[in-house]
Amino acid sequence: MPKTLSKSEAKDRIGKLKKAINRYRYDYHVLDKETISPEALDSLKHELKTLEDEFPEFVSPDSPTQRVEGKVLKGFKKAEHKVPMLSLEDTFSEEEFLDWEKRIKKLLNINPPAGGPELFGELKFDGLAVSLLYKNGVLERAATRGNGRIGEDVTQNIKTIESVPLRLERDIEGEIEVRGEVIITKKNFEKINNEQKKKGGQVYANPRNLAAGSLRQLDTKMTASRRLDFHAYDIVGDFSQNLHSKEHDMLRALGFKTDKEAHVMKDAKDVFKFKEKIEKSREKLDYEIDGLVVQVNDDELFKRLGVAGKAPRGAVAFKFSPKEAATKVLDILVQVGRTGKLTPIAVLDPVQVGGVTVSRASLHNEDEIRRLGLKIGDTVIVGRAGDVIPDVKKVLTELREGNEKEFHMPRRCPVCGEPAVKDGPLTFCTNKKCPARHRENLYHFVSKGAFDVDGLGPKIIDALLDQGFIQDAADIFDLKEGDLAPLERFGEKSAANLVKAVKDKSKISLPRFLIALGILHVGEETSSDLADYFGSLEKIEKASFEEVNEIPNVGNVVAKSIYEWFRDAYNKRYLEKLLKRVSIEKYRQPSGKLKGKTFVLTGSLSSLSREEAKSRVRALGGKTSESVSKETDYVVAGEEPGSKFEKAQKLGVKILSEAEFIKML
Ligand code: IVH
């Protein structure tokens, strides 16, 4: 965390972190309960390590950072590593990586503006490290890392792995030690876990655990059945390889598999590019990886940098940013949306989640804050819902320091000061003319799903509102070039373009028009339901509450919101003004082969975007929905489908693969 703590604050925080990490460990290992994800736990450990580095006086032998990894099991012979098997220091962000680069440059006496030493980057496989000792070219002993100095002799088990040569491809006299990672494919991992489930046996949390468990089987037949794999990354000792890149070439010549993506890099920029590329394709790899290993390519320089603690200074693990991380809620702000809804927003100590820095997360409503038990100042776990939207998942109450503050929803709108009222879990500003509400509604009006006016984004709307050029969305259609041209960063040409864009969009379909009105709870799906059911705006305007409520998929709350919107005097005036400026196309009931069918999409599709998929369903007369119910006809499951998939299974809704879906289209 970037905020610097005072000595006593650091001491306190270190104590709390140690306790919490130990408790999660206990929950997981003893109680078999995963109270927080391994990634979130990692981010707490990282915070602890960073604090301990800054305040070494508070490092104690019982700290989780002092844990000696690995232990020797009974049943395996001990195996000593003549050259200790070290571990790597982790870096989690570009800044941390650059710090490492700066440090090694300093140690190597390389002064700016000279660039850093040449680097070698490779994938960091998520398996377990083993050492293979060859004598006169023949595999003599294989050992796990153990505590780094003494591991377990797993020679017989290693011999079951096809990618480990029992005899090297070249005759090498004397001893040579090769190190690398034993891994298992994701496919095998799933297959084995499924079999284990059926048998009622142990189910493994991740491929690494399974690889480790498989290698440490006392029955080699069992190991063989797990079809492990091996990637080599290191030759120990001097074979005049001088460069790490050459070492990789040698490993291949000796008969080992090495990482195909590995290559030499000029500088940190190259490393960041490599990381970005791999992070994108990571899901498609056969194996689990958790980052890159980057090291100084020149062995001489690498050696000169030496070792700090348990890790060589010349190499780092550059970990992928986790999908979840721990951070602090610095404040809770209240935002007013276009429907007048007051939304509490958590202001976060910026943190990397899923590859981007996150500093805000919607808390949705007051009830959600109660459900989380969140106070301002709390440490929380942040993830990204559906892999995109920042989301506070959990409060780590054990890390409270005593100065956390309870949050209360304001009784008045923070923008206009008028009273705010609660409606169920939600809170609304009662002022229909609230500037915040108005502004958001305008953004929404011109957005993609509604009038979709090219080039009219929030910035221009802000300027138009602030200068009093428009009062409401209807005024957009009255804008003239001369009104726009004086605006900052607006030339005559762009003014003319915008006026044309607005004019082009003044004819609109009924569902889009309904979306643009910004009625609470009325999005894409409800708009097309309304259009299908009533066929025209006049009929919708006149519909009674009961009639609206009759539409399948429209419940009481939504029906009430629609009915009341059209009864409101302010809205009526606005609608009248708007209809003088735009025309709604005659609504034609969609016909097509998907008529009457409702689709729900989950997971990511590889051949088209979610929006494209939805609009193609609609073009064929089908409907799309965000949630699975008994009314759903098909759930289309892309890659990594979410909870909707499980719900579909539960309800017995037909599930389509992407290929089946495309065929249907
Ligand atoms: S080089 C000083 N290269 O990561 C250790 N390690 O966090 C040098 N690992 O114990 C290791 N892929 O088990 C290296 N391409 C790779 C790796 C790799 C995975 C593991 C290895 C090591 C751990 C360190």
# chains A, B, ... in the order shown; residues from 1 in each chain; ligands from 1
$ residues_around --residues "stretch 163-165 of chain A" --least-positions-apart "2" --cutoff "8 Å" --atoms "only C-alpha atoms" --output "PyMOL selection string"
chain A and resi 139+158-159+161+167-168+229-231+255-257
$ write_last_selection --atoms "C-alpha atoms" --output "compact mmCIF listing (two decimals), in the first residue's frame"
# COMPACT_ATOMS: atom_id res chain seq x y z
CA LEU A 139 19.52 -39.70 -14.77
CA ILE A 158 10.23 -38.59 -11.95
CA LYS A 159 11.11 -41.49 -14.23
CA ILE A 161 7.49 -38.39 -16.77
CA ARG A 167 19.62 -40.31 -20.84
CA LEU A 168 20.78 -36.96 -22.17
CA ASP A 229 5.06 -32.93 -17.62
CA PHE A 230 8.39 -31.19 -17.13
CA HIS A 231 9.80 -27.88 -18.38
CA GLY A 255 16.71 -33.31 -24.75
CA PHE A 256 14.56 -31.11 -22.52
CA LYS A 257 11.43 -29.17 -23.20
$ residues_near_ligand --ligand "ligand 1" --cutoff "9 Å" --atoms "only C-alpha atoms and all ligand atoms" --output "PDB file with N, CA, C and O atoms, in the first residue's frame"
ATOM      1  N   PRO A  84      22.141 -24.684  -3.217  1.00  0.00           N
ATOM      2  CA  PRO A  84      20.774 -24.567  -2.715  1.00  0.00           C
ATOM      3  C   PRO A  84      19.778 -24.176  -3.806  1.00  0.00           C
ATOM      4  O   PRO A  84      20.122 -23.446  -4.735  1.00  0.00           O
ATOM      5  N   MET A  85      18.564 -24.691  -3.685  1.00  0.00           N
ATOM      6  CA  MET A  85      17.498 -24.285  -4.603  1.00  0.00           C
ATOM      7  C   MET A  85      16.828 -23.059  -4.002  1.00  0.00           C
ATOM      8  O   MET A  85      16.201 -23.151  -2.953  1.00  0.00           O
ATOM      9  N   LEU A  86      17.010 -21.942  -4.661  1.00  0.00           N
ATOM     10  CA  LEU A  86      16.515 -20.680  -4.099  1.00  0.00           C
ATOM     11  C   LEU A  86      15.081 -20.426  -4.532  1.00  0.00           C
ATOM     12  O   LEU A  86      14.510 -21.187  -5.303  1.00  0.00           O
ATOM     13  N   SER A  87      14.536 -19.334  -4.023  1.00  0.00           N
ATOM     14  CA  SER A  87      13.232 -18.933  -4.533  1.00  0.00           C
ATOM     15  C   SER A  87      13.395 -17.563  -5.182  1.00  0.00           C
ATOM     16  O   SER A  87      14.512 -17.070  -5.306  1.00  0.00           O
ATOM     17  N   LEU A  88      12.297 -16.967  -5.597  1.00  0.00           N
ATOM     18  CA  LEU A  88      12.386 -15.685  -6.285  1.00  0.00           C
ATOM     19  C   LEU A  88      11.633 -14.622  -5.520  1.00  0.00           C
ATOM     20  O   LEU A  88      10.625 -14.904  -4.875  1.00  0.00           O
ATOM     21  N   GLU A  89      12.118 -13.412  -5.639  1.00  0.00           N
ATOM     22  CA  GLU A  89      11.365 -12.310  -5.067  1.00  0.00           C
ATOM     23  C   GLU A  89      10.219 -11.979  -6.028  1.00  0.00           C
ATOM     24  O   GLU A  89      10.399 -12.028  -7.239  1.00  0.00           O
ATOM     25  N   ASP A  90       9.063 -11.667  -5.467  1.00  0.00           N
ATOM     26  CA  ASP A  90       7.911 -11.343  -6.309  1.00  0.00           C
ATOM     27  C   ASP A  90       7.810  -9.850  -6.554  1.00  0.00           C
ATOM     28  O   ASP A  90       8.032  -9.054  -5.645  1.00  0.00           O
ATOM     29  N   GLY A 121      13.404 -13.280 -20.371  1.00  0.00           N
ATOM     30  CA  GLY A 121      12.095 -13.490 -19.746  1.00  0.00           C
ATOM     31  C   GLY A 121      11.500 -14.808 -20.171  1.00  0.00           C
ATOM     32  O   GLY A 121      11.661 -15.233 -21.310  1.00  0.00           O
ATOM     33  N   GLU A 122      10.858 -15.471 -19.240  1.00  0.00           N
ATOM     34  CA  GLU A 122      10.195 -16.739 -19.560  1.00  0.00           C
ATOM     35  C   GLU A 122       8.950 -16.896 -18.709  1.00  0.00           C
ATOM     36  O   GLU A 122       8.744 -16.137 -17.748  1.00  0.00           O
ATOM     37  N   LEU A 123       8.128 -17.839 -19.060  1.00  0.00           N
ATOM     38  CA  LEU A 123       6.905 -18.046 -18.295  1.00  0.00           C
ATOM     39  C   LEU A 123       7.238 -18.626 -16.938  1.00  0.00           C
ATOM     40  O   LEU A 123       8.160 -19.421 -16.797  1.00  0.00           O
ATOM     41  N   LYS A 124       6.462 -18.241 -15.950  1.00  0.00           N
ATOM     42  CA  LYS A 124       6.643 -18.825 -14.630  1.00  0.00           C
ATOM     43  C   LYS A 124       5.568 -19.895 -14.460  1.00  0.00           C
ATOM     44  O   LYS A 124       4.393 -19.588 -14.281  1.00  0.00           O
ATOM     45  N   PHE A 125       5.991 -21.126 -14.608  1.00  0.00           N
ATOM     46  CA  PHE A 125       5.050 -22.243 -14.530  1.00  0.00           C
ATOM     47  C   PHE A 125       4.587 -22.448 -13.098  1.00  0.00           C
ATOM     48  O   PHE A 125       5.375 -22.337 -12.169  1.00  0.00           O
ATOM     49  N   ASP A 126       3.316 -22.769 -12.962  1.00  0.00           N
ATOM     50  CA  ASP A 126       2.790 -22.982 -11.627  1.00  0.00           C
ATOM     51  C   ASP A 126       2.781 -24.479 -11.335  1.00  0.00           C
ATOM     52  O   ASP A 126       1.785 -25.166 -11.511  1.00  0.00           O
ATOM     53  N   GLY A 127       3.929 -24.957 -10.928  1.00  0.00           N
ATOM     54  CA  GLY A 127       4.055 -26.381 -10.620  1.00  0.00           C
ATOM     55  C   GLY A 127       4.986 -26.505  -9.439  1.00  0.00           C
ATOM     56  O   GLY A 127       4.923 -25.684  -8.533  1.00  0.00           O
ATOM     57  N   LEU A 128       5.856 -27.539  -9.457  1.00  0.00           N
ATOM     58  CA  LEU A 128       6.843 -27.552  -8.389  1.00  0.00           C
ATOM     59  C   LEU A 128       8.230 -27.819  -8.943  1.00  0.00           C
ATOM     60  O   LEU A 128       8.389 -28.519  -9.944  1.00  0.00           O
ATOM     61  N   ALA A 129       9.187 -27.164  -8.270  1.00  0.00           N
ATOM     62  CA  ALA A 129      10.554 -27.204  -8.769  1.00  0.00           C
ATOM     63  C   ALA A 129      11.192 -28.542  -8.418  1.00  0.00           C
ATOM     64  O   ALA A 129      11.013 -29.048  -7.319  1.00  0.00           O
ATOM     65  N   VAL A 130      11.931 -29.116  -9.384  1.00  0.00           N
ATOM     66  CA  VAL A 130      12.719 -30.304  -9.071  1.00  0.00           C
ATOM     67  C   VAL A 130      14.118 -30.170  -9.651  1.00  0.00           C
ATOM     68  O   VAL A 130      14.345 -29.422 -10.604  1.00  0.00           O
ATOM     69  N   ARG A 145      12.366 -29.662  -4.165  1.00  0.00           N
ATOM     70  CA  ARG A 145      13.111 -28.550  -3.589  1.00  0.00           C
ATOM     71  C   ARG A 145      13.228 -28.692  -2.066  1.00  0.00           C
ATOM     72  O   ARG A 145      14.248 -28.349  -1.483  1.00  0.00           O
ATOM     73  N   GLY A 148      14.990 -26.223   0.297  1.00  0.00           N
ATOM     74  CA  GLY A 148      15.987 -25.494  -0.484  1.00  0.00           C
ATOM     75  C   GLY A 148      17.352 -26.146  -0.379  1.00  0.00           C
ATOM     76  O   GLY A 148      18.115 -26.138  -1.324  1.00  0.00           O
ATOM     77  N   ARG A 179      17.527 -28.082 -13.602  1.00  0.00           N
ATOM     78  CA  ARG A 179      16.356 -27.782 -12.771  1.00  0.00           C
ATOM     79  C   ARG A 179      15.194 -27.319 -13.630  1.00  0.00           C
ATOM     80  O   ARG A 179      15.399 -26.740 -14.698  1.00  0.00           O
ATOM     81  N   GLY A 180      14.039 -27.568 -13.151  1.00  0.00           N
ATOM     82  CA  GLY A 180      12.854 -27.161 -13.902  1.00  0.00           C
ATOM     83  C   GLY A 180      11.602 -27.401 -13.088  1.00  0.00           C
ATOM     84  O   GLY A 180      11.671 -27.672 -11.883  1.00  0.00           O
ATOM     85  N   GLU A 181      10.482 -27.314 -13.769  1.00  0.00           N
ATOM     86  CA  GLU A 181       9.201 -27.344 -13.074  1.00  0.00           C
ATOM     87  C   GLU A 181       8.376 -28.546 -13.532  1.00  0.00           C
ATOM     88  O   GLU A 181       8.219 -28.775 -14.734  1.00  0.00           O
ATOM     89  N   VAL A 182       7.893 -29.289 -12.566  1.00  0.00           N
ATOM     90  CA  VAL A 182       6.968 -30.376 -12.887  1.00  0.00           C
ATOM     91  C   VAL A 182       5.562 -29.790 -12.888  1.00  0.00           C
ATOM     92  O   VAL A 182       5.159 -29.116 -11.938  1.00  0.00           O
ATOM     93  N   HIS A 231       9.140 -28.926 -17.597  1.00  0.00           N
ATOM     94  CA  HIS A 231       9.796 -27.881 -18.379  1.00  0.00           C
ATOM     95  C   HIS A 231      11.089 -27.508 -17.673  1.00  0.00           C
ATOM     96  O   HIS A 231      11.054 -27.163 -16.493  1.00  0.00           O
ATOM     97  N   ALA A 232      12.206 -27.564 -18.384  1.00  0.00           N
ATOM     98  CA  ALA A 232      13.497 -27.236 -17.772  1.00  0.00           C
ATOM     99  C   ALA A 232      13.765 -25.746 -17.906  1.00  0.00           C
ATOM    100  O   ALA A 232      13.368 -25.129 -18.896  1.00  0.00           O
ATOM    101  N   TYR A 233      14.426 -25.158 -16.885  1.00  0.00           N
ATOM    102  CA  TYR A 233      14.766 -23.744 -17.012  1.00  0.00           C
ATOM    103  C   TYR A 233      16.167 -23.383 -16.515  1.00  0.00           C
ATOM    104  O   TYR A 233      16.570 -22.233 -16.570  1.00  0.00           O
ATOM    105  N   ASP A 234      16.907 -24.347 -16.026  1.00  0.00           N
ATOM    106  CA  ASP A 234      18.184 -23.972 -15.428  1.00  0.00           C
ATOM    107  C   ASP A 234      19.200 -25.117 -15.497  1.00  0.00           C
ATOM    108  O   ASP A 234      18.841 -26.277 -15.308  1.00  0.00           O
ATOM    109  N   THR A 258      11.706 -26.759 -23.184  1.00  0.00           N
ATOM    110  CA  THR A 258      11.848 -25.473 -22.493  1.00  0.00           C
ATOM    111  C   THR A 258      10.688 -24.584 -22.935  1.00  0.00           C
ATOM    112  O   THR A 258       9.981 -24.908 -23.894  1.00  0.00           O
ATOM    113  N   ASP A 259      10.541 -23.470 -22.268  1.00  0.00           N
ATOM    114  CA  ASP A 259       9.446 -22.561 -22.589  1.00  0.00           C
ATOM    115  C   ASP A 259       9.646 -21.971 -23.985  1.00  0.00           C
ATOM    116  O   ASP A 259      10.687 -21.382 -24.270  1.00  0.00           O
ATOM    117  N   ALA A 262       9.984 -18.025 -24.226  1.00  0.00           N
ATOM    118  CA  ALA A 262      11.123 -17.369 -23.586  1.00  0.00           C
ATOM    119  C   ALA A 262      11.986 -16.651 -24.618  1.00  0.00           C
ATOM    120  O   ALA A 262      12.218 -17.163 -25.703  1.00  0.00           O
ATOM    121  N   ILE A 289       0.014 -20.747 -15.466  1.00  0.00           N
ATOM    122  CA  ILE A 289       1.220 -19.974 -15.163  1.00  0.00           C
ATOM    123  C   ILE A 289       0.803 -18.831 -14.246  1.00  0.00           C
ATOM    124  O   ILE A 289      -0.362 -18.440 -14.243  1.00  0.00           O
ATOM    125  N   ASP A 290       1.736 -18.318 -13.456  1.00  0.00           N
ATOM    126  CA  ASP A 290       1.299 -17.246 -12.558  1.00  0.00           C
ATOM    127  C   ASP A 290       2.140 -15.986 -12.720  1.00  0.00           C
ATOM    128  O   ASP A 290       2.115 -15.104 -11.886  1.00  0.00           O
ATOM    129  N   GLY A 291       2.910 -15.912 -13.792  1.00  0.00           N
ATOM    130  CA  GLY A 291       3.673 -14.701 -14.044  1.00  0.00           C
ATOM    131  C   GLY A 291       4.828 -14.989 -14.972  1.00  0.00           C
ATOM    132  O   GLY A 291       4.820 -15.995 -15.685  1.00  0.00           O
ATOM    133  N   LEU A 292       5.789 -14.089 -14.962  1.00  0.00           N
ATOM    134  CA  LEU A 292       7.005 -14.291 -15.744  1.00  0.00           C
ATOM    135  C   LEU A 292       8.171 -14.401 -14.783  1.00  0.00           C
ATOM    136  O   LEU A 292       8.104 -13.892 -13.662  1.00  0.00           O
ATOM    137  N   VAL A 293       9.231 -15.065 -15.234  1.00  0.00           N
ATOM    138  CA  VAL A 293      10.496 -14.987 -14.514  1.00  0.00           C
ATOM    139  C   VAL A 293      11.414 -14.155 -15.395  1.00  0.00           C
ATOM    140  O   VAL A 293      11.574 -14.453 -16.578  1.00  0.00           O
ATOM    141  N   VAL A 294      11.948 -13.078 -14.847  1.00  0.00           N
ATOM    142  CA  VAL A 294      12.834 -12.214 -15.629  1.00  0.00           C
ATOM    143  C   VAL A 294      14.183 -12.186 -14.931  1.00  0.00           C
ATOM    144  O   VAL A 294      14.240 -11.996 -13.707  1.00  0.00           O
ATOM    145  N   GLN A 295      15.227 -12.414 -15.704  1.00  0.00           N
ATOM    146  CA  GLN A 295      16.548 -12.371 -15.076  1.00  0.00           C
ATOM    147  C   GLN A 295      17.583 -11.715 -15.975  1.00  0.00           C
ATOM    148  O   GLN A 295      17.379 -11.578 -17.178  1.00  0.00           O
ATOM    149  N   LYS A 310      16.792 -15.564   0.550  1.00  0.00           N
ATOM    150  CA  LYS A 310      16.630 -16.854  -0.134  1.00  0.00           C
ATOM    151  C   LYS A 310      16.543 -16.709  -1.643  1.00  0.00           C
ATOM    152  O   LYS A 310      16.251 -17.665  -2.341  1.00  0.00           O
ATOM    153  N   ALA A 311      16.731 -15.472  -2.134  1.00  0.00           N
ATOM    154  CA  ALA A 311      16.504 -15.253  -3.564  1.00  0.00           C
ATOM    155  C   ALA A 311      17.689 -14.577  -4.238  1.00  0.00           C
ATOM    156  O   ALA A 311      18.323 -13.705  -3.661  1.00  0.00           O
ATOM    157  N   PRO A 312      17.976 -14.986  -5.487  1.00  0.00           N
ATOM    158  CA  PRO A 312      19.053 -14.311  -6.219  1.00  0.00           C
ATOM    159  C   PRO A 312      18.617 -12.890  -6.568  1.00  0.00           C
ATOM    160  O   PRO A 312      17.462 -12.670  -6.906  1.00  0.00           O
ATOM    161  N   ALA A 315      17.346 -11.973 -10.464  1.00  0.00           N
ATOM    162  CA  ALA A 315      16.106 -12.464 -11.084  1.00  0.00           C
ATOM    163  C   ALA A 315      14.907 -12.048 -10.244  1.00  0.00           C
ATOM    164  O   ALA A 315      15.029 -11.866  -9.037  1.00  0.00           O
ATOM    165  N   VAL A 316      13.781 -11.887 -10.906  1.00  0.00           N
ATOM    166  CA  VAL A 316      12.525 -11.654 -10.168  1.00  0.00           C
ATOM    167  C   VAL A 316      11.385 -12.429 -10.807  1.00  0.00           C
ATOM    168  O   VAL A 316      11.415 -12.738 -11.999  1.00  0.00           O
ATOM    169  N   ALA A 317      10.402 -12.708  -9.978  1.00  0.00           N
ATOM    170  CA  ALA A 317       9.141 -13.205 -10.513  1.00  0.00           C
ATOM    171  C   ALA A 317       8.282 -11.969 -10.730  1.00  0.00           C
ATOM    172  O   ALA A 317       8.138 -11.155  -9.830  1.00  0.00           O
TER     173      ALA A 317
END
$ residues_around --residues "A:Cys434" --least-positions-apart "6" --cutoff "12 Å" --atoms "only C-alpha atoms" --output "JSON, numbers by chain"
{"A": [336, 337, 338, 339, 340, 341, 342, 412, 413, 414, 415, 416, 417, 418, 419, 420, 428, 440, 441, 471, 472]}
$ write_last_selection --atoms "all heavy atoms" --output "compact mmCIF listing (two decimals), in the first residue's frame"
# COMPACT_ATOMS: atom_id res chain seq x y z
N VAL A 336 -25.09 10.62 -7.62
CA VAL A 336 -26.51 10.68 -7.97
C VAL A 336 -26.66 10.35 -9.44
O VAL A 336 -26.07 11.01 -10.29
CB VAL A 336 -27.10 12.07 -7.67
CG1 VAL A 336 -28.60 12.08 -7.89
CG2 VAL A 336 -26.76 12.48 -6.25
N GLY A 337 -27.43 9.33 -9.73
CA GLY A 337 -27.57 8.86 -11.11
C GLY A 337 -28.76 9.50 -11.81
O GLY A 337 -29.47 10.32 -11.25
N ARG A 338 -28.99 9.06 -13.04
CA ARG A 338 -30.01 9.69 -13.86
C ARG A 338 -31.43 9.43 -13.37
O ARG A 338 -32.36 10.14 -13.72
CB ARG A 338 -29.86 9.24 -15.31
CG ARG A 338 -30.05 7.78 -15.50
CD ARG A 338 -29.79 7.37 -16.92
NE ARG A 338 -29.69 5.93 -17.00
CZ ARG A 338 -30.73 5.13 -17.05
NH1 ARG A 338 -31.95 5.61 -17.05
NH2 ARG A 338 -30.55 3.83 -17.11
N THR A 339 -31.62 8.37 -12.60
CA THR A 339 -32.95 8.12 -12.08
C THR A 339 -33.11 8.78 -10.71
O THR A 339 -34.12 8.62 -10.05
CB THR A 339 -33.19 6.61 -11.92
OG1 THR A 339 -32.15 6.11 -11.08
CG2 THR A 339 -33.15 5.90 -13.24
N GLY A 340 -32.09 9.52 -10.29
CA GLY A 340 -32.12 10.15 -8.98
C GLY A 340 -31.64 9.22 -7.89
O GLY A 340 -31.64 9.56 -6.71
N LYS A 341 -31.21 8.03 -8.29
CA LYS A 341 -30.76 7.05 -7.30
C LYS A 341 -29.42 7.48 -6.70
O LYS A 341 -28.50 7.88 -7.42
CB LYS A 341 -30.61 5.70 -7.97
CG LYS A 341 -30.34 4.59 -7.02
CD LYS A 341 -30.23 3.27 -7.75
CE LYS A 341 -29.18 2.45 -7.05
NZ LYS A 341 -28.43 1.59 -7.91
N LEU A 342 -29.34 7.40 -5.38
CA LEU A 342 -28.09 7.71 -4.68
C LEU A 342 -27.29 6.42 -4.55
O LEU A 342 -27.76 5.46 -3.93
CB LEU A 342 -28.39 8.28 -3.29
CG LEU A 342 -28.54 9.80 -3.16
CD1 LEU A 342 -29.59 10.32 -4.12
CD2 LEU A 342 -28.87 10.20 -1.73
N ARG A 412 -30.20 13.98 2.67
CA ARG A 412 -30.44 14.93 1.59
C ARG A 412 -29.54 14.59 0.42
O ARG A 412 -28.46 14.03 0.60
CB ARG A 412 -30.16 16.35 2.08
CG ARG A 412 -31.17 16.78 3.10
CD ARG A 412 -31.03 18.23 3.49
NE ARG A 412 -32.22 18.63 4.23
CZ ARG A 412 -33.34 19.07 3.67
NH1 ARG A 412 -33.43 19.22 2.36
NH2 ARG A 412 -34.39 19.38 4.41
N CYS A 413 -30.00 14.96 -0.76
CA CYS A 413 -29.21 14.70 -1.96
C CYS A 413 -27.90 15.49 -1.87
O CYS A 413 -27.92 16.70 -1.63
CB CYS A 413 -30.00 15.11 -3.20
SG CYS A 413 -29.01 15.12 -4.70
N PRO A 414 -26.75 14.83 -2.06
CA PRO A 414 -25.48 15.54 -1.93
C PRO A 414 -25.27 16.57 -3.04
O PRO A 414 -24.40 17.42 -2.93
CB PRO A 414 -24.43 14.43 -2.02
CG PRO A 414 -25.12 13.28 -2.66
CD PRO A 414 -26.58 13.40 -2.34
N VAL A 415 -26.08 16.51 -4.11
CA VAL A 415 -25.89 17.47 -5.19
C VAL A 415 -26.81 18.68 -5.06
O VAL A 415 -26.37 19.82 -5.10
CB VAL A 415 -26.07 16.79 -6.57
CG1 VAL A 415 -25.96 17.80 -7.70
CG2 VAL A 415 -25.03 15.70 -6.74
N CYS A 416 -28.11 18.45 -4.85
CA CYS A 416 -29.03 19.60 -4.83
C CYS A 416 -29.50 19.95 -3.42
O CYS A 416 -30.13 20.98 -3.22
CB CYS A 416 -30.22 19.35 -5.74
SG CYS A 416 -31.33 18.08 -5.13
N GLY A 417 -29.26 19.08 -2.46
CA GLY A 417 -29.63 19.39 -1.09
C GLY A 417 -31.10 19.13 -0.75
O GLY A 417 -31.52 19.30 0.39
N GLU A 418 -31.86 18.68 -1.75
CA GLU A 418 -33.28 18.36 -1.47
C GLU A 418 -33.35 17.03 -0.73
O GLU A 418 -32.42 16.23 -0.78
CB GLU A 418 -34.04 18.26 -2.80
CG GLU A 418 -34.19 19.57 -3.55
CD GLU A 418 -35.10 20.56 -2.81
OE1 GLU A 418 -36.19 20.16 -2.39
OE2 GLU A 418 -34.67 21.73 -2.66
N PRO A 419 -34.49 16.76 -0.06
CA PRO A 419 -34.59 15.51 0.70
C PRO A 419 -34.41 14.26 -0.17
O PRO A 419 -34.80 14.25 -1.34
CB PRO A 419 -36.01 15.54 1.26
CG PRO A 419 -36.42 16.95 1.20
CD PRO A 419 -35.68 17.60 0.08
N ALA A 420 -33.78 13.25 0.43
CA ALA A 420 -33.64 11.95 -0.23
C ALA A 420 -34.54 10.97 0.52
O ALA A 420 -34.62 11.04 1.75
CB ALA A 420 -32.19 11.50 -0.18
N PHE A 428 -33.45 7.65 -3.08
CA PHE A 428 -33.60 8.54 -4.24
C PHE A 428 -33.66 10.00 -3.83
O PHE A 428 -34.23 10.34 -2.80
CB PHE A 428 -34.90 8.21 -4.99
CG PHE A 428 -34.85 6.90 -5.69
CD1 PHE A 428 -35.27 5.74 -5.03
CD2 PHE A 428 -34.35 6.80 -6.97
CE1 PHE A 428 -35.20 4.51 -5.66
CE2 PHE A 428 -34.29 5.57 -7.61
CZ PHE A 428 -34.72 4.42 -6.96
N GLU A 440 -26.78 13.11 -15.78
CA GLU A 440 -26.61 11.68 -16.05
C GLU A 440 -27.64 11.21 -17.07
O GLU A 440 -27.37 10.36 -17.91
CB GLU A 440 -26.79 10.88 -14.75
CG GLU A 440 -25.69 11.10 -13.73
CD GLU A 440 -24.40 10.40 -14.13
OE1 GLU A 440 -24.44 9.41 -14.87
OE2 GLU A 440 -23.33 10.88 -13.69
N ASN A 441 -28.84 11.77 -16.97
CA ASN A 441 -29.89 11.38 -17.91
C ASN A 441 -29.53 11.79 -19.33
O ASN A 441 -29.80 11.06 -20.29
CB ASN A 441 -31.20 12.04 -17.50
CG ASN A 441 -32.36 11.10 -17.75
OD1 ASN A 441 -32.22 10.11 -18.47
ND2 ASN A 441 -33.48 11.38 -17.15
N GLN A 471 -31.18 22.65 -21.77
CA GLN A 471 -31.81 22.45 -20.47
C GLN A 471 -32.14 20.98 -20.28
O GLN A 471 -32.03 20.44 -19.20
CB GLN A 471 -33.12 23.24 -20.39
CG GLN A 471 -33.00 24.71 -20.71
CD GLN A 471 -32.71 25.50 -19.47
OE1 GLN A 471 -33.34 25.28 -18.45
NE2 GLN A 471 -31.76 26.39 -19.54
N ASP A 472 -32.60 20.38 -21.37
CA ASP A 472 -32.93 18.95 -21.29
C ASP A 472 -32.54 18.29 -22.62
O ASP A 472 -32.07 18.96 -23.54
CB ASP A 472 -34.40 18.73 -20.96
CG ASP A 472 -35.32 19.39 -21.97
OD1 ASP A 472 -34.91 19.54 -23.14
OD2 ASP A 472 -36.43 19.78 -21.59
$ residues_around --residues "A:Glu39" --least-positions-apart "2" --cutoff "12 Å" --atoms "only C-alpha atoms" --output "NGL selection string"
:A and (34-37 or 41-46 or 92 or 290 or 319-326 or 352-354 or 381-383)
$ closest_residue --among "A:Gly491, A:Pro486, A:Gly638, A:Pro344" --to "A:Thr427" --atoms "only C-alpha atoms"
A:Pro344
$ select_by_dssp --residues "stretch 282-531 of chain A" --states "strand (DSSP E)" --output "ChimeraX atom specification"
/A:289-296,307-308,311-312,315-319,325-336,342-353,356-362,379-385,389-395,420-423,426-429,507-508
$ residues_around --residues "A:Leu579" --least-positions-apart "5" --cutoff "9 Å" --atoms "only C-alpha atoms" --output "list in words"
Ala474, Tyr574 and Ile584 of chain A
$ closest_residue --among "A:Asp452, A:Glu94, A:Glu658, A:Glu398" --to "A:Val271" --atoms "only C-alpha atoms"
A:Glu94
$ residues_around --residues "A:His408" --least-positions-apart "4" --cutoff "10 Å" --atoms "only C-alpha atoms" --output "ChimeraX atom specification"
/A:332,344,366,369,375
$ closest_atom_pairs --of "stretch 598-663 of chain A" --to "stretch 281-285 of chain A" --cutoff "12 Å" --atoms "only C-alpha atoms" --output "Markdown table"
| residue | atom | partner | partner_atom | distance |
| --- | --- | --- | --- | --- |
| A:Ser604 | CA | A:Glu283 | CA | 11.6 |
| A:Ser606 | CA | A:Lys284 | CA | 11.3 |
| A:Glu639 | CA | A:Glu283 | CA | 9.4 |
| A:Glu640 | CA | A:Glu283 | CA | 9.4 |
